$ cat final06.cif   # mmCIF, C-alpha atoms
data_coords
loop_
_atom_site.label_atom_id
_atom_site.label_comp_id
_atom_site.auth_asym_id
_atom_site.auth_seq_id
_atom_site.Cartn_x
_atom_site.Cartn_y
_atom_site.Cartn_z
CA MET W 194 -24.84 -82.15 31.91
CA ASN W 195 -23.53 -83.73 35.12
CA SER W 196 -22.80 -82.15 38.46
CA LYS W 197 -19.05 -81.96 37.76
CA THR W 198 -19.60 -79.86 34.62
CA ILE W 199 -21.95 -77.55 36.50
CA ALA W 200 -19.46 -77.20 39.35
CA ASN W 201 -16.64 -76.41 36.91
CA GLY W 202 -18.82 -73.79 35.21
CA ILE W 203 -19.64 -72.17 38.54
CA LEU W 204 -15.97 -72.15 39.54
CA ARG W 205 -14.96 -70.57 36.22
CA ALA W 206 -17.64 -67.91 36.62
CA LEU W 207 -16.49 -67.17 40.17
CA ALA W 208 -12.89 -67.01 38.95
CA VAL W 209 -13.83 -64.52 36.22
CA ILE W 210 -15.84 -62.38 38.64
CA THR W 211 -12.98 -62.47 41.15
CA GLY W 212 -10.48 -61.54 38.44
CA VAL W 213 -12.59 -58.62 37.24
CA PHE W 214 -13.06 -57.42 40.81
CA LEU W 215 -9.33 -57.63 41.52
CA LEU W 216 -8.56 -55.80 38.28
CA LEU W 217 -10.99 -52.99 39.13
CA PHE W 218 -9.60 -52.81 42.66
CA PHE W 219 -6.07 -52.64 41.27
CA LEU W 220 -7.03 -49.87 38.84
CA TYR W 221 -8.71 -48.00 41.70
CA LYS W 222 -5.55 -48.21 43.79
CA ILE W 223 -3.34 -46.91 40.97
CA GLN W 224 -5.79 -44.29 39.74
CA SER W 225 -3.27 -41.51 40.35
CA VAL W 226 -0.77 -43.28 38.08
CA LEU W 227 -3.44 -43.67 35.41
CA VAL W 228 -4.15 -39.95 35.64
CA TYR W 229 -0.43 -39.21 35.24
CA ILE W 230 -0.29 -41.42 32.15
CA ALA W 231 -3.41 -39.82 30.68
CA ILE W 232 -2.06 -36.29 31.17
CA ALA W 233 1.33 -37.32 29.78
CA GLY W 234 -0.42 -38.82 26.77
CA VAL W 235 -2.27 -35.57 26.12
CA LEU W 236 0.96 -33.57 26.41
CA SER W 237 2.74 -35.92 24.03
CA LEU W 238 -0.08 -35.52 21.51
CA ILE W 239 0.14 -31.73 21.80
CA ALA W 240 3.90 -31.87 21.34
CA ARG W 241 3.77 -34.26 18.40
CA PRO W 242 3.42 -31.61 15.62
CA PHE W 243 6.19 -29.49 17.17
CA ILE W 244 8.58 -32.46 17.45
CA ARG W 245 7.74 -33.47 13.89
CA PHE W 246 8.53 -29.92 12.74
CA LEU W 247 11.90 -29.93 14.52
CA ARG W 248 12.81 -33.34 13.11
CA LYS W 249 11.64 -32.96 9.52
CA LYS W 250 12.01 -29.25 8.81
CA LEU W 251 15.01 -28.34 10.97
CA LYS W 252 16.61 -31.82 10.79
CA PHE W 253 17.07 -32.07 14.57
CA PRO W 254 17.84 -35.50 16.06
CA ASN W 255 14.85 -37.06 17.82
CA THR W 256 16.34 -36.78 21.31
CA LEU W 257 17.30 -33.12 20.83
CA ALA W 258 13.81 -32.30 19.49
CA VAL W 259 12.25 -33.97 22.53
CA VAL W 260 14.59 -32.17 24.94
CA ILE W 261 13.76 -28.79 23.37
CA THR W 262 10.03 -29.54 23.55
CA MET W 263 10.28 -30.67 27.18
CA SER W 264 12.24 -27.52 28.03
CA LEU W 265 9.46 -25.49 26.47
CA PHE W 266 6.86 -27.35 28.54
CA ILE W 267 8.84 -26.78 31.74
CA PHE W 268 9.23 -23.11 30.90
CA ILE W 269 5.47 -22.81 30.37
CA VAL W 270 4.73 -24.60 33.67
CA PHE W 271 7.03 -22.35 35.66
CA GLY W 272 5.66 -19.33 33.81
CA ILE W 273 2.12 -20.27 34.82
CA ILE W 274 3.19 -20.85 38.43
CA SER W 275 4.93 -17.47 38.51
CA MET W 276 1.72 -15.86 37.25
CA PHE W 277 -0.18 -17.14 40.27
CA ILE W 278 2.37 -16.02 42.86
CA PRO W 279 1.16 -12.37 42.98
CA LEU W 280 -2.47 -13.49 43.29
CA ILE W 281 -1.63 -16.00 46.03
CA VAL W 282 0.41 -13.42 47.93
CA GLN W 283 -2.36 -10.87 47.62
CA GLN W 284 -5.06 -13.27 48.78
CA GLY W 285 -2.86 -14.55 51.59
CA HIS W 286 -2.36 -10.98 52.75
CA ASN W 287 -6.08 -10.29 52.71
CA ILE W 288 -7.10 -13.38 54.67
CA SER W 289 -4.22 -13.46 57.15
CA LEU W 290 -5.12 -13.16 60.80
CA LEU W 291 -3.48 -9.74 60.98
CA ASN W 292 -5.98 -8.40 58.48
CA THR W 293 -9.07 -10.25 59.70
CA ASN W 294 -10.76 -7.14 61.10
CA GLU W 295 -10.01 -5.12 57.97
CA LEU W 296 -11.29 -7.84 55.66
CA GLN W 297 -14.37 -8.36 57.80
CA SER W 298 -15.06 -4.64 57.74
CA ASP W 299 -14.71 -4.51 53.93
CA ILE W 300 -17.08 -7.43 53.45
CA LYS W 301 -19.64 -5.97 55.85
CA ASP W 302 -19.37 -2.63 54.08
CA LEU W 303 -19.90 -4.28 50.70
CA ILE W 304 -22.91 -6.22 52.00
CA ALA W 305 -24.34 -3.04 53.51
CA GLN W 306 -23.98 -1.19 50.18
CA ILE W 307 -25.54 -4.03 48.22
CA ASN W 308 -28.36 -4.28 50.75
CA GLN W 309 -28.94 -0.53 50.62
CA TYR W 310 -29.06 -0.59 46.83
CA PHE W 311 -31.67 -3.35 46.71
CA LEU W 312 -33.64 -1.79 49.56
CA SER W 313 -33.99 1.30 47.39
CA LYS W 314 -35.64 -1.03 44.86
CA ASN W 315 -37.89 -2.47 47.61
CA ILE W 316 -35.99 -5.79 47.50
CA ASN W 317 -34.56 -7.06 50.81
CA LEU W 318 -32.26 -9.84 49.56
CA PHE W 319 -29.43 -9.51 52.06
CA LYS W 320 -31.24 -9.44 55.36
CA GLU W 321 -30.02 -12.88 56.38
CA LEU W 322 -26.43 -12.10 55.43
CA GLU W 323 -26.22 -9.52 58.22
CA ASN W 324 -26.48 -12.35 60.77
CA ILE W 325 -23.53 -14.33 59.38
CA ASP W 326 -20.63 -14.75 61.81
CA LEU W 327 -17.89 -13.58 59.47
CA THR W 328 -15.17 -13.70 62.10
CA SER W 329 -15.43 -17.45 62.72
CA ASN W 330 -15.63 -18.16 58.99
CA ILE W 331 -12.62 -16.03 58.13
CA GLN W 332 -10.51 -17.40 61.00
CA SER W 333 -11.05 -20.92 59.69
CA ILE W 334 -9.44 -20.05 56.36
CA PRO W 335 -5.80 -20.09 57.58
CA GLY W 336 -6.32 -23.62 58.91
CA PHE W 337 -7.57 -24.65 55.51
CA LEU W 338 -4.55 -23.05 53.88
CA ASN W 339 -2.23 -25.00 56.18
CA SER W 340 -3.90 -28.23 55.09
CA PHE W 341 -3.63 -27.15 51.48
CA ILE W 342 0.10 -26.54 51.82
CA GLY W 343 0.42 -30.13 53.04
CA VAL W 344 -0.46 -31.46 49.57
CA ILE W 345 2.10 -29.29 47.76
CA GLY W 346 4.65 -32.10 48.08
CA SER W 347 2.26 -34.58 46.48
CA ILE W 348 1.52 -32.18 43.65
CA SER W 349 5.24 -31.70 43.05
CA ILE W 350 5.76 -35.46 42.84
CA GLY W 351 2.83 -35.73 40.45
CA LEU W 352 4.22 -32.97 38.26
CA LEU W 353 7.64 -34.58 38.08
CA SER W 354 6.04 -37.95 37.31
CA ILE W 355 4.02 -36.45 34.47
CA LEU W 356 7.09 -34.76 32.98
CA PHE W 357 9.08 -38.01 33.24
CA ILE W 358 6.38 -40.10 31.54
CA THR W 359 5.81 -37.41 28.90
CA PHE W 360 9.50 -37.37 28.00
CA PHE W 361 9.60 -41.09 27.24
CA LEU W 362 6.25 -41.05 25.43
CA MET W 363 7.62 -38.32 23.16
CA LYS W 364 11.06 -39.93 22.78
CA ASP W 365 9.89 -43.52 22.24
CA THR W 366 6.75 -43.07 20.19
CA ASP W 367 6.46 -46.82 19.62
CA ILE W 368 5.81 -47.60 23.31
CA LEU W 369 2.03 -47.42 22.99
CA HIS W 370 2.16 -49.19 19.64
CA SER W 371 4.06 -52.08 21.21
CA ILE W 372 1.58 -52.34 24.08
CA PHE W 373 -1.41 -52.48 21.74
CA LEU W 374 0.26 -54.88 19.35
CA ALA W 375 1.18 -57.21 22.21
CA VAL W 376 -2.51 -57.84 22.92
CA THR W 377 -3.67 -57.78 19.29
CA PRO W 378 -3.97 -60.82 16.98
CA ASP W 379 -1.35 -60.80 14.20
CA GLU W 380 -3.92 -60.53 11.42
CA LYS W 381 -5.26 -57.26 12.84
CA GLU W 382 -1.94 -55.54 13.58
CA GLU W 383 -1.98 -53.45 10.41
CA ARG W 384 -5.46 -52.12 11.13
CA ILE W 385 -4.55 -51.33 14.73
CA LEU W 386 -1.46 -49.38 13.62
CA LYS W 387 -3.49 -47.45 11.07
CA SER W 388 -6.14 -46.64 13.70
CA LEU W 389 -3.53 -45.51 16.23
CA ASN W 390 -1.87 -43.18 13.73
CA THR W 391 -5.22 -41.67 12.75
CA ILE W 392 -6.23 -41.21 16.39
CA LYS W 393 -2.93 -39.50 17.20
CA ASP W 394 -3.30 -37.12 14.25
CA LEU W 395 -6.89 -36.19 15.09
CA LEU W 396 -6.32 -35.77 18.82
CA SER W 397 -3.14 -33.75 18.26
CA ARG W 398 -5.13 -31.30 16.15
CA TYR W 399 -7.95 -31.32 18.70
CA PHE W 400 -5.74 -30.46 21.68
CA ILE W 401 -3.86 -27.81 19.72
CA GLY W 402 -7.24 -26.40 18.75
CA LEU W 403 -8.18 -26.25 22.43
CA ILE W 404 -5.01 -24.29 23.14
CA ILE W 405 -5.93 -21.82 20.40
CA GLN W 406 -9.47 -21.58 21.81
CA ILE W 407 -8.16 -20.87 25.31
CA SER W 408 -5.71 -18.31 23.91
CA ILE W 409 -8.49 -16.40 22.16
CA LEU W 410 -10.61 -16.32 25.32
CA PHE W 411 -7.58 -15.36 27.42
CA THR W 412 -6.87 -12.42 25.11
CA ILE W 413 -10.43 -11.08 25.23
CA TYR W 414 -10.72 -11.59 28.99
CA SER W 415 -7.38 -9.85 29.60
CA ILE W 416 -8.31 -6.84 27.50
CA THR W 417 -11.67 -6.55 29.27
CA LEU W 418 -10.19 -6.71 32.76
CA LEU W 419 -7.26 -4.44 31.97
CA ILE W 420 -9.59 -1.77 30.59
CA PHE W 421 -11.27 -1.56 34.00
CA ASP W 422 -7.98 -1.83 35.91
CA ILE W 423 -8.88 -5.04 37.76
CA GLU W 424 -6.12 -6.34 40.04
CA SER W 425 -4.33 -9.49 38.80
CA ALA W 426 -6.21 -9.18 35.50
CA ILE W 427 -3.88 -11.55 33.61
CA VAL W 428 -4.14 -14.30 36.22
CA ILE W 429 -7.93 -14.00 36.45
CA ALA W 430 -8.22 -14.08 32.66
CA PHE W 431 -6.04 -17.19 32.48
CA LEU W 432 -8.06 -18.99 35.17
CA CYS W 433 -11.38 -18.21 33.50
CA ALA W 434 -10.07 -19.18 30.06
CA LEU W 435 -8.68 -22.44 31.41
CA LEU W 436 -12.06 -23.31 32.96
CA ASN W 437 -13.52 -23.41 29.44
CA ILE W 438 -11.88 -26.82 29.05
CA ILE W 439 -14.90 -28.09 31.03
CA PRO W 440 -17.76 -27.98 28.51
CA TYR W 441 -20.85 -25.91 29.41
CA ILE W 442 -20.16 -25.87 33.17
CA GLY W 443 -16.69 -24.32 32.87
CA PRO W 444 -17.82 -21.06 31.24
CA LEU W 445 -20.50 -20.64 33.93
CA ILE W 446 -17.98 -21.15 36.75
CA GLY W 447 -15.51 -18.86 34.98
CA GLY W 448 -18.11 -16.12 34.65
CA ILE W 449 -19.04 -16.29 38.33
CA LEU W 450 -15.36 -16.25 39.29
CA MET W 451 -14.57 -13.26 37.09
CA LEU W 452 -17.52 -11.22 38.34
CA THR W 453 -16.77 -12.08 41.97
CA LEU W 454 -13.10 -11.10 41.69
CA THR W 455 -14.09 -7.94 39.86
CA MET W 456 -16.31 -6.92 42.77
CA THR W 457 -13.84 -7.88 45.50
CA SER W 458 -11.02 -5.96 43.84
CA ASN W 459 -13.01 -2.74 44.19
CA LEU W 460 -14.22 -3.01 47.76
CA GLU W 461 -13.02 0.50 48.60
CA TYR W 462 -15.40 2.10 46.06
CA ASP W 463 -19.13 2.77 46.22
CA PHE W 464 -21.26 -0.17 45.12
CA GLN W 465 -23.99 1.66 43.22
CA SER W 466 -21.85 4.21 41.42
CA TYR W 467 -18.73 2.13 40.67
CA ILE W 468 -18.75 -1.58 41.61
CA LEU W 469 -22.07 -2.45 39.96
CA PRO W 470 -21.44 -0.60 36.65
CA THR W 471 -17.92 -2.02 36.39
CA THR W 472 -19.19 -5.54 37.03
CA ILE W 473 -21.86 -5.12 34.36
CA TYR W 474 -19.28 -3.93 31.81
CA VAL W 475 -17.03 -6.89 32.63
CA LEU W 476 -20.05 -9.19 32.23
CA ILE W 477 -20.69 -7.73 28.78
CA GLY W 478 -17.08 -8.41 27.81
CA TYR W 479 -17.34 -11.96 29.14
CA VAL W 480 -20.55 -12.62 27.19
CA PHE W 481 -18.91 -11.21 24.03
CA ALA W 482 -15.98 -13.62 24.46
CA GLN W 483 -18.39 -16.54 24.91
CA LEU W 484 -20.28 -15.60 21.75
CA ILE W 485 -17.02 -15.56 19.80
CA ASP W 486 -16.13 -18.94 21.29
CA ASN W 487 -19.52 -20.59 20.72
CA PHE W 488 -20.10 -19.37 17.16
CA PHE W 489 -16.55 -19.33 15.75
CA SER W 490 -13.84 -21.05 17.81
CA GLN W 491 -15.61 -24.26 18.85
CA PRO W 492 -17.27 -25.04 15.47
CA ILE W 493 -13.93 -24.64 13.70
CA ILE W 494 -12.11 -26.83 16.23
CA PHE W 495 -14.68 -29.62 16.09
CA SER W 496 -15.13 -29.57 12.33
CA LYS W 497 -11.43 -29.36 11.47
CA SER W 498 -9.98 -31.61 14.17
CA VAL W 499 -12.33 -34.40 15.26
CA LYS W 500 -14.61 -34.15 12.21
CA SER W 501 -17.85 -34.44 14.16
CA HIS W 502 -21.14 -32.58 13.86
CA PRO W 503 -21.88 -30.08 16.67
CA LEU W 504 -25.01 -32.07 17.60
CA GLU W 505 -22.88 -35.20 17.98
CA ILE W 506 -20.48 -33.32 20.24
CA PHE W 507 -23.31 -31.90 22.34
CA LEU W 508 -24.90 -35.30 22.91
CA ILE W 509 -21.61 -37.05 23.62
CA ILE W 510 -20.58 -34.40 26.17
CA ILE W 511 -23.96 -34.65 27.93
CA ILE W 512 -23.73 -38.45 28.04
CA GLY W 513 -20.15 -38.28 29.32
CA GLY W 514 -21.23 -35.86 32.04
CA LEU W 515 -24.12 -38.07 33.13
CA LEU W 516 -21.90 -41.15 33.31
CA PHE W 517 -18.63 -39.77 34.70
CA SER W 518 -19.37 -36.22 35.89
CA ILE W 519 -16.93 -33.43 34.95
CA ILE W 520 -14.10 -35.80 34.00
CA GLY W 521 -16.48 -37.51 31.60
CA MET W 522 -17.37 -34.20 29.97
CA ILE W 523 -13.71 -33.32 29.45
CA LEU W 524 -12.78 -36.73 28.02
CA ALA W 525 -15.98 -37.27 26.02
CA VAL W 526 -14.80 -35.78 22.72
CA PRO W 527 -11.34 -37.44 22.61
CA THR W 528 -12.81 -40.81 23.61
CA TYR W 529 -15.63 -40.54 21.06
CA THR W 530 -13.12 -39.62 18.35
CA ALA W 531 -10.97 -42.67 19.13
CA ILE W 532 -14.01 -44.96 19.09
CA LYS W 533 -15.11 -43.56 15.70
CA VAL W 534 -11.69 -44.18 14.20
CA ILE W 535 -11.66 -47.80 15.42
CA LEU W 536 -15.20 -48.39 14.15
CA LYS W 537 -14.24 -46.87 10.80
CA GLU W 538 -11.34 -49.31 10.49
CA PHE W 539 -13.09 -52.51 11.61
CA LEU W 540 -16.76 -51.90 10.74
CA ALA W 541 -16.47 -49.76 7.63
CA ASP W 542 -19.40 -51.51 5.92
CA ASN W 543 -21.88 -50.81 8.71
CA GLU W 544 -24.42 -48.16 7.67
CA ILE W 545 -24.41 -46.39 11.05
CA VAL W 546 -20.61 -46.28 11.06
CA LYS W 547 -20.63 -44.95 7.49
CA THR W 548 -22.94 -42.13 8.56
CA LEU W 549 -20.88 -41.21 11.63
CA THR W 550 -17.55 -41.34 9.81
CA LYS W 551 -18.53 -39.92 6.43
CA ASP W 552 -16.17 -36.94 6.88
CA PHE W 553 -13.17 -39.20 7.59
CA ASN W 554 -10.67 -39.72 4.83
#

$ encode --input "final06.cif" --output "C-alpha cells"
Amino acid sequence: MNSKTIANGILRALAVITGVFLLLFFLYKIQSVLVYIAIAGVLSLIARPFIRFLRKKLKFPNTLAVVITMSLFIFIVFGIISMFIPLIVQQGHNISLLNTNELQSDIKDLIAQINQYFLSKNINLFKELENIDLTSNIQSIPGFLNSFIGVIGSISIGLLSILFITFFLMKDTDILHSIFLAVTPDEKEERILKSLNTIKDLLSRYFIGLIIQISILFTIYSITLLIFDIESAIVIAFLCALLNIIPYIGPLIGGILMLTLTMTSNLEYDFQSYILPTTIYVLIGYVFAQLIDNFFSQPIIFSKSVKSHPLEIFLIIIIGGLLFSIIGMILAVPTYTAIKVILKEFLADNEIVKTLTKDFN
C-alpha cells in the first residue's frame, strides 16, 4: 500500500464524515419541516380507514373522500380551539394586572388555609411559602403571555403546513411508495411495498386505538369533574386525556394538572371542609380511569394493533425515553412496529425475528 492509496483513503473518509455532518446539519435546520411531515403522516394514517370506507363502501371519488376527511379534520381542530377559548379567557382574567391584588389575596388565603390544616396535624410544610413575593411573580406573567402571543403566527403557519401536506399524502397515497422505491434495488421492490402496506395497516389501527383510548379517558374525566362542578371541566378533561399520549409520564402530569385546577377553581371555599375532600374525590376518579386504561384499554390496543407483548412495549418505551426523551417515548411503539415488519419481511428465517413476529400474519 503506497502513500497515494493511503491519501485517497483518508480523503474518502474525510469526504464521508463531511457529508454525514452536512446531512445532519441540514436535517437539524429543517427539523420543523420534518415534524410537519411526521404529524401529517400520522394524520394520513388515521384518516386511511375513513377514506377507504368512503371510497369502497360509499363509492366516493378519491378526491371527494379526501376533501370530506380534511373538512372533518379542520372541523375537529377548530372545535378543539373553541374549547380552549373559555379557559384562556378565564385564566387571562384571573392573571390580568387589574386582578393582581385579588388573585394574590386568593392564593395567600389558600396557602394560609393549607398551612393551618397541616399545623393542626403538627406539620409545618408551608412556612417558607409565606415569604414568597407573589406580587413580582404574578406581574411577570403578562410579559410571558405577550411573548407567547408572538409565536401564534408561527403556530398558524405550522398548522396550515401540516394540513397542506396531509391533504396530498391522503390524496396521492403513492408518494411515499415512490420515494422508498427510488432508493430501493429493483429486486427488493416487492418486499418493500409489502412492508409499507403492512406498516400502514398496523399503524392506522394503532393511532385509531389511541384515539379510542383518549376518548374513554376523556369521558371518565369529564364525568368526574362535572359531578363536582369544576369550572371548564370539559377542557380540563380533554387536556388530561391528551397527556396520556406520553407514556407513563403523561398520566402523572395529567393527574397533577387536574388536581391543581380542581383546587384553584374552588379558592372561595374552605380548604379543610370543601377543597381537600373534593380534590380527594377527583383523585379517586382519576385513579379509577387510569386503572381502566392500564388493565383494559392499553392491552387491547397493543395486542390488536401492533401485535406486541406488553413487556416488549414497556422496554421499548423506556429505551426510547432514555435515548430521545419524551419524543422518543411517544414514537417508540410506532417505530418499533415498523422495524418489526421490515425484519419480518427480510429476515424471516432468523430465530429472534421469528420470536418477535410470531403474532404477525

$ closest_residue --input "final06.cif" --among "W:Leu227, W:Val499, W:Val475, W:Ile203" --to "W:Ile420" --atoms "only C-alpha atoms"
W:Val475

$ resolve_selection --input "final06.cif" --expression "the PyMOL selection byres ((chain W and resi 421) around 10)" --output "list in words"
Ile416, Thr417, Leu418, Leu419, Ile420, Asp422, Ile423, Glu424, Ala426, Thr455, Thr471, Thr472, Tyr474 and Val475 of chain W

$ closest_residue --input "final06.cif" --among "W:Leu410, W:Leu504, W:Leu436, W:Ile427" --to "W:Gln483" --atoms "all atoms listed in the file"
W:Leu410

$ closest_residue --input "final06.cif" --among "W:Ile493, W:Leu251, W:Leu236, W:Val226" --to "W:Ile267" --atoms "only C-alpha atoms"
W:Leu236

$ atom_distance --input "final06.cif" --atom1 "atom CA of W:Thr211" --atom2 "atom CA of W:Ile512"
29.4 Å
